[in-house]
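One structure below.
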Amino acid sequence: MAKRSRRREKLTAPSSDYSDAEGNVLTLRGSLTPGSRRDYALALSGAGSRPAGTQEDAWQRAAELLFERLAVRWVIAEVPIERQRELLARFRVASSEERLWVRQALREHCAEHFPDVQAP
């Protein structure tokens, strides 16, 4: 008897899209691992950061970490960004208005999908 080849379906987390007034779309992952939650909480508290770091520094790092773990895709001016490295680089050079909008999307997303996570 021949062995049946089994195809395993790759499980993917659901995602949610958030649009701004200009039509840009940020897609965020609907799952966050326990390790990512722990890393985020540590970053938010400022634990493990440099002694000279401020609470503002910790808050910025926490927002960046949450974005890094949740962002799947960001379409800006109809140009999609999907690679993790490029997403993070784009977030780092975002204008203050874009950062504000991303933080609002992260807050909304966390409230809906991760009520135990305090979004930045």
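Just remember, in the structure tokens the first chain shown is A, the second B, etc., residues are 1-based per chain, and ligands are 1-based in the order shown.
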Item to check | Expected answer as a list in words: helix (DSSP H, G or I) residues in region 30-66 of chain A | outcome: Pro34, Gly35, Ser36, Arg37, Arg38, Asp39, Tyr40, Ala41, Leu42, Ala43, Leu44, Ser45, Gln55, Glu56, Asp57, Ala58, Trp59, Gln60, Arg61, Ala62, Ala63, Glu64, Leu65 and Leu66 of chain A
If we count only C-alpha atoms, what is near region 76-89 of chain A at a cut-off of 8 Å, once residues fewer than 3 positions away on the same chain are taken out, given as a PDB file with N, CA and C atoms, in the first residue's frame?
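For reference, out_27.pdb as written:
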```pdb
ATOM      1  N   GLY A  23      -6.478  57.088   3.104  1.00  0.00           N
ATOM      2  CA  GLY A  23      -6.631  55.823   2.400  1.00  0.00           C
ATOM      3  C   GLY A  23      -5.510  54.836   2.635  1.00  0.00           C
ATOM      4  N   ASN A  24      -4.567  55.154   3.514  1.00  0.00           N
ATOM      5  CA  ASN A  24      -3.514  54.202   3.862  1.00  0.00           C
ATOM      6  C   ASN A  24      -4.104  53.126   4.757  1.00  0.00           C
ATOM      7  N   VAL A  25      -3.604  51.900   4.633  1.00  0.00           N
ATOM      8  CA  VAL A  25      -4.173  50.779   5.373  1.00  0.00           C
ATOM      9  C   VAL A  25      -3.079  50.048   6.130  1.00  0.00           C
ATOM     10  N   GLU A  64       7.050  50.534  19.622  1.00  0.00           N
ATOM     11  CA  GLU A  64       7.771  49.956  18.486  1.00  0.00           C
ATOM     12  C   GLU A  64       7.729  48.433  18.531  1.00  0.00           C
ATOM     13  N   PHE A  67       4.238  47.252  17.564  1.00  0.00           N
ATOM     14  CA  PHE A  67       4.088  47.394  16.120  1.00  0.00           C
ATOM     15  C   PHE A  67       4.835  46.273  15.398  1.00  0.00           C
ATOM     16  N   GLU A  68       6.060  46.018  15.832  1.00  0.00           N
ATOM     17  CA  GLU A  68       6.893  44.990  15.202  1.00  0.00           C
ATOM     18  C   GLU A  68       6.233  43.615  15.275  1.00  0.00           C
ATOM     19  N   ALA A  71       2.288  44.149  13.212  1.00  0.00           N
ATOM     20  CA  ALA A  71       2.127  44.645  11.842  1.00  0.00           C
ATOM     21  C   ALA A  71       2.408  43.552  10.826  1.00  0.00           C
ATOM     22  N   VAL A  72       1.489  43.379   9.910  1.00  0.00           N
ATOM     23  CA  VAL A  72       1.608  42.394   8.839  1.00  0.00           C
ATOM     24  C   VAL A  72       1.835  43.096   7.505  1.00  0.00           C
ATOM     25  N   ARG A  73       1.176  44.230   7.342  1.00  0.00           N
ATOM     26  CA  ARG A  73       1.231  44.955   6.070  1.00  0.00           C
ATOM     27  C   ARG A  73       0.832  46.405   6.315  1.00  0.00           C
ATOM     28  N   ARG A  92       9.772  53.682  11.934  1.00  0.00           N
ATOM     29  CA  ARG A  92      10.794  54.523  12.583  1.00  0.00           C
ATOM     30  C   ARG A  92      10.930  55.890  11.928  1.00  0.00           C
ATOM     31  N   VAL A  93      10.625  55.996  10.642  1.00  0.00           N
ATOM     32  CA  VAL A  93      10.731  57.291   9.956  1.00  0.00           C
ATOM     33  C   VAL A  93       9.365  57.960   9.763  1.00  0.00           C
TER      34      VAL A  93
END
```
Item to check | Polymer residues at most 10 Å from region 27-34 of chain A, only C-alpha atoms, same-chain spacing of 5 or more positions, as number ranges by chain | outcome: A: 12-19, 39-40, 66-75, 82, 105-106, 109-110, 112-114, 117
Item to check | Which of chain A DSSP labels strand (DSSP E), written as a list in words | outcome: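 Put together, the selection reads Ser15, Ser16, Asp17, Tyr18, Ser19, Val25, Leu26, Thr27, Leu28, Arg29, Ala71, Val72, Arg73, Trp74, Val75, Ile76, Val79, Pro80 and Ile81 of chain A.
With only C-alpha atoms as the atoms that count, the residue of A:Ala41, A:Ala47, A:Leu26, A:Gly35 with the shortest distance to Ala62 (chain A) is A:Ala41.
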